[in-house]
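Q: Structure below; questions to follow.
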Amino acid sequence: MTAPRQWQDEVLAGPGGAMTDEVGVITGPLTLRTTAGADGKVRFDIQYTDADEWYTLTGSPVAHGDPGTLHTAALRAVRAGGGAVAPAPDA
């Protein structure tokens with residue numbers, strides 16, 4: 001079995017931050033982790049940079065799509081803020 005592929009980057013959330021399932025909007029310096037599962041789903045987790053807790057970016061997971069492209073789209077969305085959510089696979 002192969003390990004899931006992951007992308008992880010730090011990002012400064014724009015005004016209005018990023019929306020999470022667990023705690024609502026988070027803002028400030030964040031870390032976004034995108035994981036491509038063996039089942040084809042792409043999952044987005046986000047945290048305050050250097051925190052222990054990870055949160056689910058609202059809309060995650062998405063059923064399919066290029067995970068690298070989706071990671072880039074999610075970073076753009078979080079930078080823009082406005083309660084950013086997981087990008088659609090055609091993003």
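Each chain of the structure tokens is named A, B, ... in the order shown, its residues numbered from 1; ligands are numbered from 1 in display order.
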Excluding Asp9 in chain A and its own-chain neighbours fewer than 2 positions away, which residues fall within 7 Å of it when counting only C-alpha atoms? Please give them as a PDB file with N, CA and C atoms, in the first residue's frame.

A:
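Saved the output as result_33.pdb:
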```pdb
ATOM      1  N   TRP A   7       0.664  17.803   0.466  1.00  0.00           N
ATOM      2  CA  TRP A   7       1.245  19.117   0.233  1.00  0.00           C
ATOM      3  C   TRP A   7       0.966  19.926   1.487  1.00  0.00           C
ATOM      4  N   VAL A  11       0.379  29.934   5.136  1.00  0.00           N
ATOM      5  CA  VAL A  11      -0.361  30.936   4.378  1.00  0.00           C
ATOM      6  C   VAL A  11      -0.948  31.950   5.354  1.00  0.00           C
ATOM      7  N   THR A  31      -1.495  27.118   8.518  1.00  0.00           N
ATOM      8  CA  THR A  31      -0.829  26.080   7.736  1.00  0.00           C
ATOM      9  C   THR A  31      -1.909  25.233   7.094  1.00  0.00           C
ATOM     10  N   LEU A  32      -1.806  25.058   5.776  1.00  0.00           N
ATOM     11  CA  LEU A  32      -2.761  24.258   5.014  1.00  0.00           C
ATOM     12  C   LEU A  32      -2.087  22.963   4.599  1.00  0.00           C
ATOM     13  N   ARG A  33      -2.762  21.848   4.870  1.00  0.00           N
ATOM     14  CA  ARG A  33      -2.254  20.534   4.451  1.00  0.00           C
ATOM     15  C   ARG A  33      -3.308  19.894   3.552  1.00  0.00           C
TER      16      ARG A  33
END
```

Q: From a DSSP pass on the backbone, collect the residues of chain A flagged as helix (DSSP H, G or I) and hand them back as a list in words.

A: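 Across chain A, those assigned helix (DSSP H, G or I) are Pro67, Gly68, Thr69, Leu70, His71, Thr72, Ala73, Ala74, Leu75, Arg76, Ala77, Val78, Arg79 and Ala80 of chain A.
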
Q: Could you tell me which of A:Leu12, A:Leu57, A:Leu70, A:Met19 comes closest to Pro89 in chain A if we count only C-alpha atoms?

A: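 Ranking A:Leu12, A:Leu57, A:Leu70, A:Met19 by distance to Pro89 in chain A, first place goes to A:Leu70.
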
Q: With distances taken over only C-alpha atoms, which residue among A:Val23, A:Ala73, A:Leu30, A:Ala13 lies nearest Tyr55 in chain A?

A: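 Counting only C-alpha atoms, the residue closest to Tyr55 in chain A is A:Val23.
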
Q: In Å to one decimal, how far is CA of Thr35 in chain A from CA of Asp90 in chain A?

A: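 Atom-to-atom, CA of Asp90 in chain A to CA of Thr35 in chain A, that is 17.0 Å.
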
Q: So that I can check the surroundings of Asp45 in chain A, please list as a ChimeraX atom specification every protein, DNA and RNA residue that reaches within 12 Å of it, counting only C-alpha atoms and ignoring chain neighbours fewer than 2 positions away.

A: /A:6-10,18-22,30-36,42-43,47-49,53-61,71,74-75,78,85-86

Q: May I have the residues from that selection written out with N, CA and C atoms, as a CSV table (one decimal), in the first residue's frame?

A:
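selection-v6.csv, written as the output of this step:
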```csv
chain,number,residue,atom,x,y,z
A,6,GLN,N,1.0,14.3,0.1
A,6,GLN,CA,0.6,15.4,0.9
A,6,GLN,C,1.3,16.7,0.4
A,7,TRP,N,0.7,17.8,0.5
A,7,TRP,CA,1.2,19.1,0.2
A,7,TRP,C,1.0,19.9,1.5
A,8,GLN,N,1.9,20.7,1.9
A,8,GLN,CA,1.7,21.5,3.1
A,8,GLN,C,2.5,22.9,3.0
A,9,ASP,N,1.7,24.0,3.2
A,9,ASP,CA,2.3,25.3,3.1
A,9,ASP,C,1.7,26.2,4.2
A,10,GLU,N,2.5,27.2,4.6
A,10,GLU,CA,2.1,28.2,5.5
A,10,GLU,C,1.4,29.3,4.6
A,18,ALA,N,-10.5,31.6,6.9
A,18,ALA,CA,-10.9,30.4,6.3
A,18,ALA,C,-11.9,29.7,7.2
A,19,MET,N,-12.9,29.1,6.6
A,19,MET,CA,-14.0,28.5,7.4
A,19,MET,C,-13.7,27.0,7.7
A,20,THR,N,-13.8,26.6,8.9
A,20,THR,CA,-13.6,25.2,9.3
A,20,THR,C,-14.9,24.6,9.8
A,21,ASP,N,-15.0,23.3,9.8
A,21,ASP,CA,-16.2,22.6,10.3
A,21,ASP,C,-16.2,22.6,11.8
A,22,GLU,N,-15.1,22.6,12.4
A,22,GLU,CA,-15.1,22.5,13.9
A,22,GLU,C,-15.2,23.8,14.7
A,30,LEU,N,-1.6,30.7,9.1
A,30,LEU,CA,-2.2,29.4,9.1
A,30,LEU,C,-1.3,28.4,8.3
A,31,THR,N,-1.5,27.1,8.5
A,31,THR,CA,-0.8,26.1,7.7
A,31,THR,C,-1.9,25.2,7.1
A,32,LEU,N,-1.8,25.1,5.8
A,32,LEU,CA,-2.8,24.3,5.0
A,32,LEU,C,-2.1,23.0,4.6
A,33,ARG,N,-2.8,21.8,4.9
A,33,ARG,CA,-2.3,20.5,4.5
A,33,ARG,C,-3.3,19.9,3.6
A,34,THR,N,-2.9,19.5,2.4
A,34,THR,CA,-3.7,18.8,1.4
A,34,THR,C,-3.3,17.4,1.3
A,35,THR,N,-4.2,16.4,1.4
A,35,THR,CA,-3.8,15.0,1.3
A,35,THR,C,-4.6,14.3,0.2
A,36,ALA,N,-3.9,13.6,-0.7
A,36,ALA,CA,-4.6,12.8,-1.7
A,36,ALA,C,-4.7,11.4,-1.2
A,42,VAL,N,-9.7,14.1,-2.0
A,42,VAL,CA,-8.6,15.1,-1.6
A,42,VAL,C,-9.1,15.8,-0.4
A,43,ARG,N,-8.4,15.7,0.7
A,43,ARG,CA,-8.7,16.3,2.0
A,43,ARG,C,-7.9,17.5,2.3
A,47,GLN,N,-4.6,24.7,10.2
A,47,GLN,CA,-4.4,24.9,11.6
A,47,GLN,C,-3.7,26.3,11.7
A,48,TYR,N,-3.8,26.8,12.9
A,48,TYR,CA,-3.0,28.0,13.2
A,48,TYR,C,-1.6,27.5,13.2
A,49,THR,N,-0.7,28.2,12.5
A,49,THR,CA,0.7,27.8,12.4
A,49,THR,C,1.3,27.5,13.7
A,53,GLU,N,-3.7,21.5,17.1
A,53,GLU,CA,-4.9,21.1,16.5
A,53,GLU,C,-5.0,21.4,15.0
A,54,TRP,N,-5.6,20.4,14.3
A,54,TRP,CA,-5.9,20.6,12.9
A,54,TRP,C,-7.4,20.6,12.8
A,55,TYR,N,-7.9,21.4,11.8
A,55,TYR,CA,-9.3,21.5,11.5
A,55,TYR,C,-9.6,21.2,10.1
A,56,THR,N,-10.8,20.8,9.8
A,56,THR,CA,-11.2,20.4,8.5
A,56,THR,C,-11.7,21.7,7.8
A,57,LEU,N,-11.1,22.0,6.6
A,57,LEU,CA,-11.5,23.2,5.8
A,57,LEU,C,-12.9,22.8,5.3
A,58,THR,N,-13.9,23.6,5.5
A,58,THR,CA,-15.3,23.4,5.1
A,58,THR,C,-15.3,23.0,3.6
A,59,GLY,N,-16.1,22.0,3.3
A,59,GLY,CA,-16.2,21.5,2.0
A,59,GLY,C,-15.3,20.3,1.7
A,60,SER,N,-14.4,20.0,2.6
A,60,SER,CA,-13.4,18.9,2.5
A,60,SER,C,-14.1,17.6,3.1
A,61,PRO,N,-13.8,16.5,2.4
A,61,PRO,CA,-13.0,16.3,1.2
A,61,PRO,C,-13.8,16.5,0.0
A,71,HIS,N,-4.5,22.1,-4.1
A,71,HIS,CA,-3.8,22.7,-3.0
A,71,HIS,C,-3.5,24.2,-3.4
A,74,ALA,N,-6.6,26.2,-3.1
A,74,ALA,CA,-7.0,26.4,-1.7
A,74,ALA,C,-6.1,27.5,-1.0
A,75,LEU,N,-4.8,27.5,-1.3
A,75,LEU,CA,-3.9,28.5,-0.8
A,75,LEU,C,-4.4,29.9,-1.3
A,78,VAL,N,-7.6,30.9,0.7
A,78,VAL,CA,-7.3,31.3,2.0
A,78,VAL,C,-6.6,32.7,2.0
A,85,VAL,N,-13.3,28.3,1.7
A,85,VAL,CA,-13.7,26.9,1.8
A,85,VAL,C,-12.9,26.0,0.8
A,86,ALA,N,-13.0,24.7,0.9
A,86,ALA,CA,-12.3,23.8,0.0
A,86,ALA,C,-12.7,24.2,-1.5
```

Q: Skipping near chain neighbours, those fewer than 3 positions away, what residues fall within 10 Å of Gly14 in chain A using only C-alpha atoms, listed as a short mmCIF file (atom, residue, chain, number, x, y, z; two decimals) with N, CA, C and O atoms, in the first residue's frame?

A:
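Result file follows (selection08.cif):
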```cif
data_model
loop_
_atom_site.label_atom_id
_atom_site.label_comp_id
_atom_site.auth_asym_id
_atom_site.auth_seq_id
_atom_site.Cartn_x
_atom_site.Cartn_y
_atom_site.Cartn_z
N VAL A 11 0.38 29.93 5.14
CA VAL A 11 -0.36 30.94 4.38
C VAL A 11 -0.95 31.95 5.35
O VAL A 11 -1.39 31.58 6.44
N GLY A 17 -10.74 35.29 6.76
CA GLY A 17 -10.13 34.00 7.05
C GLY A 17 -10.64 32.81 6.28
O GLY A 17 -11.12 32.92 5.16
N ALA A 18 -10.50 31.65 6.91
CA ALA A 18 -10.88 30.36 6.33
C ALA A 18 -11.92 29.71 7.23
O ALA A 18 -11.82 29.74 8.45
N THR A 27 -8.31 32.87 11.41
CA THR A 27 -7.60 33.94 10.69
C THR A 27 -6.14 33.95 11.12
O THR A 27 -5.74 33.27 12.05
N GLY A 28 -5.36 34.77 10.43
CA GLY A 28 -3.96 34.96 10.78
C GLY A 28 -3.05 34.01 10.05
O GLY A 28 -3.40 33.46 9.00
N PRO A 29 -1.85 33.76 10.61
CA PRO A 29 -0.91 32.82 10.00
C PRO A 29 -1.42 31.38 10.17
O PRO A 29 -1.63 30.93 11.30
N ARG A 76 -4.77 29.99 -2.60
CA ARG A 76 -5.29 31.25 -3.15
C ARG A 76 -6.55 31.68 -2.42
O ARG A 76 -6.71 32.85 -2.08
N ALA A 77 -7.44 30.74 -2.17
CA ALA A 77 -8.71 31.05 -1.50
C ALA A 77 -8.46 31.54 -0.08
O ALA A 77 -9.07 32.52 0.36
N VAL A 78 -7.57 30.88 0.66
CA VAL A 78 -7.29 31.29 2.03
C VAL A 78 -6.63 32.67 2.04
O VAL A 78 -6.96 33.51 2.88
N ARG A 79 -5.71 32.93 1.11
CA ARG A 79 -5.09 34.26 1.02
C ARG A 79 -6.13 35.34 0.76
O ARG A 79 -6.01 36.46 1.24
N ALA A 80 -7.14 35.00 -0.03
CA ALA A 80 -8.20 35.96 -0.34
C ALA A 80 -9.14 36.15 0.84
O ALA A 80 -9.74 37.22 1.00
N GLY A 81 -9.27 35.14 1.69
CA GLY A 81 -10.13 35.23 2.87
C GLY A 81 -11.59 35.06 2.53
O GLY A 81 -11.96 34.27 1.69
N GLY A 82 -12.42 35.82 3.24
CA GLY A 82 -13.85 35.76 2.99
C GLY A 82 -14.49 34.46 3.42
O GLY A 82 -15.47 34.04 2.81
N GLY A 83 -13.93 33.81 4.44
CA GLY A 83 -14.48 32.52 4.87
C GLY A 83 -14.19 31.42 3.86
O GLY A 83 -15.07 30.63 3.52
N ALA A 84 -12.96 31.38 3.37
CA ALA A 84 -12.55 30.45 2.32
C ALA A 84 -12.93 29.00 2.67
O ALA A 84 -12.83 28.59 3.84
#
```

Q: Take CA of Lys41 in chain A and CA of Asp66 in chain A and report the distance between them in Å, one decimal.

A: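 We find that CA of Lys41 in chain A and CA of Asp66 in chain A lie 9.9 Å from each other.
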
Q: Provide the CA of Pro67 in chain A to CA of Ala88 in chain A distance in Å, to one decimal place.

A: 11.0 Å

Q: Using DSSP secondary structure from the backbone, list all strand (DSSP E) positions within chain A, as a ChimeraX atom specification.

A: /A:5-12,18-20,24-26,29-36,42-48,55-56

Q: Which of these residues is nearest to Arg5 in chain A, using only C-alpha atoms: A:Pro87, A:Gly65, A:Gly24, A:Gly37?

A: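 Among A:Pro87, A:Gly65, A:Gly24, A:Gly37, it is A:Gly37 that comes nearest to Arg5 in chain A.
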